[in-house]
$ cat coords18.cif   # mmCIF, N, CA and C atoms
data_data
#
loop_
_atom_site.group_PDB
_atom_site.id
_atom_site.type_symbol
_atom_site.label_atom_id
_atom_site.label_comp_id
_atom_site.auth_asym_id
_atom_site.auth_seq_id
_atom_site.Cartn_x
_atom_site.Cartn_y
_atom_site.Cartn_z
ATOM 1 N N MET A 268 0.851 -1.182 0.000
ATOM 2 C CA MET A 268 0.000 0.000 0.000
ATOM 3 C C MET A 268 0.893 1.241 0.000
ATOM 4 N N ASP A 269 0.684 2.127 -0.970
ATOM 5 C CA ASP A 269 1.459 3.358 -1.092
ATOM 6 C C ASP A 269 0.818 4.426 -0.209
ATOM 7 N N MET A 270 1.472 4.777 0.888
ATOM 8 C CA MET A 270 0.888 5.725 1.841
ATOM 9 C C MET A 270 0.936 7.166 1.335
ATOM 10 N N ASP A 271 1.621 7.412 0.212
ATOM 11 C CA ASP A 271 1.608 8.743 -0.382
ATOM 12 C C ASP A 271 0.388 8.933 -1.274
ATOM 13 N N ASP A 272 -0.295 7.861 -1.577
ATOM 14 C CA ASP A 272 -1.490 7.894 -2.407
ATOM 15 C C ASP A 272 -2.698 8.191 -1.520
ATOM 16 N N PRO A 273 -3.386 9.322 -1.791
ATOM 17 C CA PRO A 273 -4.536 9.673 -0.944
ATOM 18 C C PRO A 273 -5.608 8.586 -0.904
ATOM 19 N N LEU A 274 -5.758 7.832 -1.999
ATOM 20 C CA LEU A 274 -6.761 6.770 -1.995
ATOM 21 C C LEU A 274 -6.367 5.655 -1.032
ATOM 22 N N SER A 275 -5.084 5.387 -0.919
ATOM 23 C CA SER A 275 -4.625 4.399 0.050
ATOM 24 C C SER A 275 -4.878 4.894 1.468
ATOM 25 N N GLN A 276 -4.682 6.185 1.680
ATOM 26 C CA GLN A 276 -4.923 6.757 3.005
ATOM 27 C C GLN A 276 -6.404 6.699 3.341
ATOM 28 N N ALA A 277 -7.266 6.874 2.346
ATOM 29 C CA ALA A 277 -8.705 6.824 2.588
ATOM 30 C C ALA A 277 -9.125 5.455 3.095
ATOM 31 N N ALA A 278 -8.412 4.431 2.698
ATOM 32 C CA ALA A 278 -8.738 3.087 3.163
ATOM 33 C C ALA A 278 -8.504 2.946 4.664
ATOM 34 N N LEU A 279 -7.731 3.857 5.251
ATOM 35 C CA LEU A 279 -7.432 3.797 6.672
ATOM 36 C C LEU A 279 -8.443 4.549 7.534
ATOM 37 N N ILE A 280 -9.427 5.163 6.909
ATOM 38 C CA ILE A 280 -10.430 5.903 7.663
ATOM 39 C C ILE A 280 -11.178 4.928 8.566
ATOM 40 N N CYS A 281 -11.275 5.291 9.822
ATOM 41 C CA CYS A 281 -11.988 4.452 10.787
ATOM 42 C C CYS A 281 -13.364 5.047 11.043
ATOM 43 N N PHE A 282 -14.364 4.235 10.943
ATOM 44 C CA PHE A 282 -15.717 4.676 11.203
ATOM 45 C C PHE A 282 -16.110 4.232 12.614
ATOM 46 N N PRO A 283 -16.723 5.146 13.366
ATOM 47 C CA PRO A 283 -17.063 4.800 14.747
ATOM 48 C C PRO A 283 -18.187 3.768 14.809
ATOM 49 N N ASP A 284 -18.276 3.118 15.943
ATOM 50 C CA ASP A 284 -19.364 2.186 16.205
ATOM 51 C C ASP A 284 -20.606 3.020 16.521
ATOM 52 N N LEU A 285 -21.507 3.111 15.563
ATOM 53 C CA LEU A 285 -22.675 3.968 15.725
ATOM 54 C C LEU A 285 -23.596 3.489 16.843
ATOM 55 N N ASP A 286 -23.632 2.192 17.057
ATOM 56 C CA ASP A 286 -24.497 1.656 18.114
ATOM 57 C C ASP A 286 -24.052 2.112 19.500
ATOM 58 N N ALA A 287 -22.774 2.415 19.658
ATOM 59 C CA ALA A 287 -22.249 2.828 20.966
ATOM 60 C C ALA A 287 -22.421 4.326 21.211
ATOM 61 N N MET A 288 -22.892 5.056 20.201
ATOM 62 C CA MET A 288 -23.005 6.517 20.318
ATOM 63 C C MET A 288 -24.402 6.920 20.780
ATOM 64 N N SER A 289 -24.442 8.009 21.556
ATOM 65 C CA SER A 289 -25.730 8.553 21.993
ATOM 66 C C SER A 289 -26.373 9.311 20.828
ATOM 67 N N ILE A 290 -27.621 9.672 21.002
ATOM 68 C CA ILE A 290 -28.316 10.447 19.974
ATOM 69 C C ILE A 290 -27.579 11.762 19.718
ATOM 70 N N GLU A 291 -27.146 12.430 20.779
ATOM 71 C CA GLU A 291 -26.435 13.693 20.632
ATOM 72 C C GLU A 291 -25.114 13.506 19.885
ATOM 73 N N GLN A 292 -24.408 12.421 20.213
ATOM 74 C CA GLN A 292 -23.150 12.137 19.525
ATOM 75 C C GLN A 292 -23.395 11.835 18.051
ATOM 76 N N LEU A 293 -24.470 11.133 17.764
ATOM 77 C CA LEU A 293 -24.801 10.830 16.370
ATOM 78 C C LEU A 293 -25.139 12.106 15.603
ATOM 79 N N GLN A 294 -25.858 13.010 16.244
ATOM 80 C CA GLN A 294 -26.178 14.273 15.591
ATOM 81 C C GLN A 294 -24.915 15.091 15.329
ATOM 82 N N ASP A 295 -24.005 15.099 16.292
ATOM 83 C CA ASP A 295 -22.724 15.796 16.105
ATOM 84 C C ASP A 295 -21.917 15.150 14.981
ATOM 85 N N TYR A 296 -21.965 13.837 14.915
ATOM 86 C CA TYR A 296 -21.245 13.106 13.873
ATOM 87 C C TYR A 296 -21.799 13.462 12.496
ATOM 88 N N ILE A 297 -23.119 13.549 12.376
ATOM 89 C CA ILE A 297 -23.747 13.957 11.112
ATOM 90 C C ILE A 297 -23.288 15.357 10.732
ATOM 91 N N THR A 298 -23.254 16.269 11.686
ATOM 92 C CA THR A 298 -22.797 17.638 11.427
ATOM 93 C C THR A 298 -21.365 17.637 10.912
ATOM 94 N N THR A 299 -20.525 16.832 11.524
ATOM 95 C CA THR A 299 -19.123 16.724 11.099
ATOM 96 C C THR A 299 -19.037 16.175 9.684
ATOM 97 N N LEU A 300 -19.796 15.130 9.397
ATOM 98 C CA LEU A 300 -19.780 14.535 8.057
ATOM 99 C C LEU A 300 -20.302 15.514 7.008
ATOM 100 N N GLU A 301 -21.349 16.259 7.336
ATOM 101 C CA GLU A 301 -21.890 17.244 6.396
ATOM 102 C C GLU A 301 -20.859 18.330 6.096
ATOM 103 N N ALA A 302 -20.124 18.760 7.120
ATOM 104 C CA ALA A 302 -19.073 19.758 6.919
ATOM 105 C C ALA A 302 -17.975 19.194 6.028
ATOM 106 N N GLU A 303 -17.663 17.937 6.185
ATOM 107 C CA GLU A 303 -16.638 17.295 5.353
ATOM 108 C C GLU A 303 -17.097 17.209 3.904
ATOM 109 N N VAL A 304 -18.372 16.923 3.689
ATOM 110 C CA VAL A 304 -18.917 16.884 2.326
ATOM 111 C C VAL A 304 -18.791 18.255 1.675
ATOM 112 N N VAL A 305 -19.105 19.307 2.409
ATOM 113 C CA VAL A 305 -18.973 20.671 1.885
ATOM 114 C C VAL A 305 -17.518 20.953 1.516
ATOM 115 N N ARG A 306 -16.592 20.544 2.373
ATOM 116 C CA ARG A 306 -15.167 20.766 2.118
ATOM 117 C C ARG A 306 -14.712 20.015 0.869
ATOM 118 N N VAL A 307 -15.141 18.769 0.729
ATOM 119 C CA VAL A 307 -14.749 17.968 -0.433
ATOM 120 C C VAL A 307 -15.342 18.557 -1.708
ATOM 121 N N ARG A 308 -16.586 18.995 -1.652
ATOM 122 C CA ARG A 308 -17.202 19.612 -2.838
ATOM 123 C C ARG A 308 -16.468 20.888 -3.239
ATOM 124 N N GLY A 309 -15.985 21.643 -2.265
ATOM 125 C CA GLY A 309 -15.208 22.840 -2.562
ATOM 126 C C GLY A 309 -13.914 22.509 -3.277
ATOM 127 N N VAL A 310 -13.243 21.475 -2.825
ATOM 128 C CA VAL A 310 -11.992 21.048 -3.471
ATOM 129 C C VAL A 310 -12.289 20.564 -4.891
ATOM 130 N N ILE A 311 -13.361 19.811 -5.057
ATOM 131 C CA ILE A 311 -13.739 19.351 -6.393
ATOM 132 C C ILE A 311 -14.005 20.550 -7.300
ATOM 133 N N GLY A 312 -14.725 21.546 -6.790
ATOM 134 C CA GLY A 312 -15.003 22.754 -7.575
ATOM 135 C C GLY A 312 -13.731 23.458 -7.998
ATOM 136 N N ASN A 313 -12.775 23.557 -7.092
ATOM 137 C CA ASN A 313 -11.497 24.189 -7.424
ATOM 138 C C ASN A 313 -10.757 23.413 -8.496
ATOM 139 N N LYS A 314 -10.781 22.091 -8.402
ATOM 140 C CA LYS A 314 -10.087 21.258 -9.387
ATOM 141 C C LYS A 314 -10.759 21.342 -10.750
ATOM 142 N N VAL A 315 -12.079 21.374 -10.758
ATOM 143 C CA VAL A 315 -12.813 21.514 -12.025
ATOM 144 C C VAL A 315 -12.465 22.848 -12.673
ATOM 145 N N SER A 316 -12.435 23.914 -11.884
ATOM 146 C CA SER A 316 -12.097 25.238 -12.410
ATOM 147 C C SER A 316 -10.678 25.267 -12.976
ATOM 148 N N ALA A 317 -9.747 24.654 -12.253
ATOM 149 C CA ALA A 317 -8.358 24.617 -12.717
ATOM 150 C C ALA A 317 -8.249 23.820 -14.008
ATOM 151 N N ARG A 318 -8.955 22.701 -14.069
ATOM 152 C CA ARG A 318 -8.927 21.885 -15.288
ATOM 153 C C ARG A 318 -9.504 22.661 -16.466
ATOM 154 N N GLN A 319 -10.626 23.341 -16.254
ATOM 155 C CA GLN A 319 -11.247 24.111 -17.323
ATOM 156 C C GLN A 319 -10.325 25.233 -17.793
ATOM 157 N N ALA A 320 -9.647 25.884 -16.853
ATOM 158 C CA ALA A 320 -8.716 26.952 -17.219
ATOM 159 C C ALA A 320 -7.561 26.396 -18.046
ATOM 160 N N ALA A 321 -7.047 25.239 -17.656
ATOM 161 C CA ALA A 321 -5.944 24.623 -18.399
ATOM 162 C C ALA A 321 -6.404 24.208 -19.790
ATOM 163 N N GLU A 322 -7.586 23.617 -19.879
ATOM 164 C CA GLU A 322 -8.099 23.208 -21.182
ATOM 165 C C GLU A 322 -8.303 24.415 -22.090
ATOM 166 N N THR A 323 -8.800 25.506 -21.537
ATOM 167 C CA THR A 323 -8.997 26.732 -22.314
ATOM 168 C C THR A 323 -7.650 27.271 -22.788
ATOM 169 N N LEU A 324 -6.672 27.262 -21.914
ATOM 170 C CA LEU A 324 -5.341 27.751 -22.259
ATOM 171 C C LEU A 324 -4.740 26.928 -23.394
ATOM 172 N N PHE A 325 -4.838 25.618 -23.284
ATOM 173 C CA PHE A 325 -4.230 24.760 -24.297
ATOM 174 C C PHE A 325 -5.009 24.778 -25.610
ATOM 175 N N ARG A 326 -6.304 24.968 -25.557
ATOM 176 C CA ARG A 326 -7.110 25.071 -26.779
ATOM 177 C C ARG A 326 -6.783 26.351 -27.537
ATOM 178 N N SER A 327 -6.494 27.399 -26.775
ATOM 179 C CA SER A 327 -6.212 28.688 -27.419
ATOM 180 C C SER A 327 -4.757 28.789 -27.871
ATOM 181 N N GLY A 328 -3.984 27.764 -27.640
ATOM 182 C CA GLY A 328 -2.584 27.775 -28.045
ATOM 183 C C GLY A 328 -1.706 28.538 -27.090
ATOM 184 N N GLY A 329 -2.196 28.832 -25.905
ATOM 185 C CA GLY A 329 -1.398 29.518 -24.909
ATOM 186 C C GLY A 329 -1.277 31.008 -25.112
ATOM 187 N N THR A 330 -2.103 31.554 -25.976
ATOM 188 C CA THR A 330 -2.053 33.005 -26.196
ATOM 189 C C THR A 330 -3.305 33.662 -25.691
#
$ encode --input "coords18.cif" --output "structure tokens"
Amino acid sequence: MDMDDPLSQAALICFPDLDAMSIEQLQDYITTLEAEVVRVRGVIGNKVSARQAAETLFRSGGT
């Protein structure tokens, strides 16, 4: 497993035992996960924008 590969690192994510969590802890966990989804979508948006800018640059011949 290549630990420099983010996908390999994702395999190491540990998920808590939901049955052992209280209702309040579960609600907090949902809030945390929702914030993470927002963060990931932001990174995806940035990457899409960068890709589009690069494609535009290369299509125009760099001028």
$ atom_distance --input "coords18.cif" --atom1 "CA of Leu300 (chain A)" --atom2 "CA of Ser316 (chain A)"
24.3 Å
$ select_by_dssp --input "coords18.cif" --residues "region 276-316 of chain A" --states "helix (DSSP H, G or I)" --output "PDB file with N, CA and C atoms, keeping the file's coordinate frame"
ATOM      1  N   GLN A 276      -4.682   6.185   1.680  1.00  0.00           N
ATOM      2  CA  GLN A 276      -4.923   6.757   3.005  1.00  0.00           C
ATOM      3  C   GLN A 276      -6.404   6.699   3.341  1.00  0.00           C
ATOM      4  N   ALA A 277      -7.266   6.874   2.346  1.00  0.00           N
ATOM      5  CA  ALA A 277      -8.705   6.824   2.588  1.00  0.00           C
ATOM      6  C   ALA A 277      -9.125   5.455   3.095  1.00  0.00           C
ATOM      7  N   LEU A 285     -21.507   3.111  15.563  1.00  0.00           N
ATOM      8  CA  LEU A 285     -22.675   3.968  15.725  1.00  0.00           C
ATOM      9  C   LEU A 285     -23.596   3.489  16.843  1.00  0.00           C
ATOM     10  N   ASP A 286     -23.632   2.192  17.057  1.00  0.00           N
ATOM     11  CA  ASP A 286     -24.497   1.656  18.114  1.00  0.00           C
ATOM     12  C   ASP A 286     -24.052   2.112  19.500  1.00  0.00           C
ATOM     13  N   ALA A 287     -22.774   2.415  19.658  1.00  0.00           N
ATOM     14  CA  ALA A 287     -22.249   2.828  20.966  1.00  0.00           C
ATOM     15  C   ALA A 287     -22.421   4.326  21.211  1.00  0.00           C
ATOM     16  N   ILE A 290     -27.621   9.672  21.002  1.00  0.00           N
ATOM     17  CA  ILE A 290     -28.316  10.447  19.974  1.00  0.00           C
ATOM     18  C   ILE A 290     -27.579  11.762  19.718  1.00  0.00           C
ATOM     19  N   GLU A 291     -27.146  12.430  20.779  1.00  0.00           N
ATOM     20  CA  GLU A 291     -26.435  13.693  20.632  1.00  0.00           C
ATOM     21  C   GLU A 291     -25.114  13.506  19.885  1.00  0.00           C
ATOM     22  N   GLN A 292     -24.408  12.421  20.213  1.00  0.00           N
ATOM     23  CA  GLN A 292     -23.150  12.137  19.525  1.00  0.00           C
ATOM     24  C   GLN A 292     -23.395  11.835  18.051  1.00  0.00           C
ATOM     25  N   LEU A 293     -24.470  11.133  17.764  1.00  0.00           N
ATOM     26  CA  LEU A 293     -24.801  10.830  16.370  1.00  0.00           C
ATOM     27  C   LEU A 293     -25.139  12.106  15.603  1.00  0.00           C
ATOM     28  N   GLN A 294     -25.858  13.010  16.244  1.00  0.00           N
ATOM     29  CA  GLN A 294     -26.178  14.273  15.591  1.00  0.00           C
ATOM     30  C   GLN A 294     -24.915  15.091  15.329  1.00  0.00           C
ATOM     31  N   ASP A 295     -24.005  15.099  16.292  1.00  0.00           N
ATOM     32  CA  ASP A 295     -22.724  15.796  16.105  1.00  0.00           C
ATOM     33  C   ASP A 295     -21.917  15.150  14.981  1.00  0.00           C
ATOM     34  N   TYR A 296     -21.965  13.837  14.915  1.00  0.00           N
ATOM     35  CA  TYR A 296     -21.245  13.106  13.873  1.00  0.00           C
ATOM     36  C   TYR A 296     -21.799  13.462  12.496  1.00  0.00           C
ATOM     37  N   ILE A 297     -23.119  13.549  12.376  1.00  0.00           N
ATOM     38  CA  ILE A 297     -23.747  13.957  11.112  1.00  0.00           C
ATOM     39  C   ILE A 297     -23.288  15.357  10.732  1.00  0.00           C
ATOM     40  N   THR A 298     -23.254  16.269  11.686  1.00  0.00           N
ATOM     41  CA  THR A 298     -22.797  17.638  11.427  1.00  0.00           C
ATOM     42  C   THR A 298     -21.365  17.637  10.912  1.00  0.00           C
ATOM     43  N   THR A 299     -20.525  16.832  11.524  1.00  0.00           N
ATOM     44  CA  THR A 299     -19.123  16.724  11.099  1.00  0.00           C
ATOM     45  C   THR A 299     -19.037  16.175   9.684  1.00  0.00           C
ATOM     46  N   LEU A 300     -19.796  15.130   9.397  1.00  0.00           N
ATOM     47  CA  LEU A 300     -19.780  14.535   8.057  1.00  0.00           C
ATOM     48  C   LEU A 300     -20.302  15.514   7.008  1.00  0.00           C
ATOM     49  N   GLU A 301     -21.349  16.259   7.336  1.00  0.00           N
ATOM     50  CA  GLU A 301     -21.890  17.244   6.396  1.00  0.00           C
ATOM     51  C   GLU A 301     -20.859  18.330   6.096  1.00  0.00           C
ATOM     52  N   ALA A 302     -20.124  18.760   7.120  1.00  0.00           N
ATOM     53  CA  ALA A 302     -19.073  19.758   6.919  1.00  0.00           C
ATOM     54  C   ALA A 302     -17.975  19.194   6.028  1.00  0.00           C
ATOM     55  N   GLU A 303     -17.663  17.937   6.185  1.00  0.00           N
ATOM     56  CA  GLU A 303     -16.638  17.295   5.353  1.00  0.00           C
ATOM     57  C   GLU A 303     -17.097  17.209   3.904  1.00  0.00           C
ATOM     58  N   VAL A 304     -18.372  16.923   3.689  1.00  0.00           N
ATOM     59  CA  VAL A 304     -18.917  16.884   2.326  1.00  0.00           C
ATOM     60  C   VAL A 304     -18.791  18.255   1.675  1.00  0.00           C
ATOM     61  N   VAL A 305     -19.105  19.307   2.409  1.00  0.00           N
ATOM     62  CA  VAL A 305     -18.973  20.671   1.885  1.00  0.00           C
ATOM     63  C   VAL A 305     -17.518  20.953   1.516  1.00  0.00           C
ATOM     64  N   ARG A 306     -16.592  20.544   2.373  1.00  0.00           N
ATOM     65  CA  ARG A 306     -15.167  20.766   2.118  1.00  0.00           C
ATOM     66  C   ARG A 306     -14.712  20.015   0.869  1.00  0.00           C
ATOM     67  N   VAL A 307     -15.141  18.769   0.729  1.00  0.00           N
ATOM     68  CA  VAL A 307     -14.749  17.968  -0.433  1.00  0.00           C
ATOM     69  C   VAL A 307     -15.342  18.557  -1.708  1.00  0.00           C
ATOM     70  N   ARG A 308     -16.586  18.995  -1.652  1.00  0.00           N
ATOM     71  CA  ARG A 308     -17.202  19.612  -2.838  1.00  0.00           C
ATOM     72  C   ARG A 308     -16.468  20.888  -3.239  1.00  0.00           C
ATOM     73  N   GLY A 309     -15.985  21.643  -2.265  1.00  0.00           N
ATOM     74  CA  GLY A 309     -15.208  22.840  -2.562  1.00  0.00           C
ATOM     75  C   GLY A 309     -13.914  22.509  -3.277  1.00  0.00           C
ATOM     76  N   VAL A 310     -13.243  21.475  -2.825  1.00  0.00           N
ATOM     77  CA  VAL A 310     -11.992  21.048  -3.471  1.00  0.00           C
ATOM     78  C   VAL A 310     -12.289  20.564  -4.891  1.00  0.00           C
ATOM     79  N   ILE A 311     -13.361  19.811  -5.057  1.00  0.00           N
ATOM     80  CA  ILE A 311     -13.739  19.351  -6.393  1.00  0.00           C
ATOM     81  C   ILE A 311     -14.005  20.550  -7.300  1.00  0.00           C
ATOM     82  N   GLY A 312     -14.725  21.546  -6.790  1.00  0.00           N
ATOM     83  CA  GLY A 312     -15.003  22.754  -7.575  1.00  0.00           C
ATOM     84  C   GLY A 312     -13.731  23.458  -7.998  1.00  0.00           C
ATOM     85  N   ASN A 313     -12.775  23.557  -7.092  1.00  0.00           N
ATOM     86  CA  ASN A 313     -11.497  24.189  -7.424  1.00  0.00           C
ATOM     87  C   ASN A 313     -10.757  23.413  -8.496  1.00  0.00           C
ATOM     88  N   LYS A 314     -10.781  22.091  -8.402  1.00  0.00           N
ATOM     89  CA  LYS A 314     -10.087  21.258  -9.387  1.00  0.00           C
ATOM     90  C   LYS A 314     -10.759  21.342 -10.750  1.00  0.00           C
ATOM     91  N   VAL A 315     -12.079  21.374 -10.758  1.00  0.00           N
ATOM     92  CA  VAL A 315     -12.813  21.514 -12.025  1.00  0.00           C
ATOM     93  C   VAL A 315     -12.465  22.848 -12.673  1.00  0.00           C
ATOM     94  N   SER A 316     -12.435  23.914 -11.884  1.00  0.00           N
ATOM     95  CA  SER A 316     -12.097  25.238 -12.410  1.00  0.00           C
ATOM     96  C   SER A 316     -10.678  25.267 -12.976  1.00  0.00           C
TER      97      SER A 316
END
$ atom_distance --input "coords18.cif" --atom1 "CA of Arg326 (chain A)" --atom2 "CA of Gly309 (chain A)"
25.6 Å
$ atom_distance --input "coords18.cif" --atom1 "atom N of Pro283 (chain A)" --atom2 "CA of Gly312 (chain A)"
27.4 Å
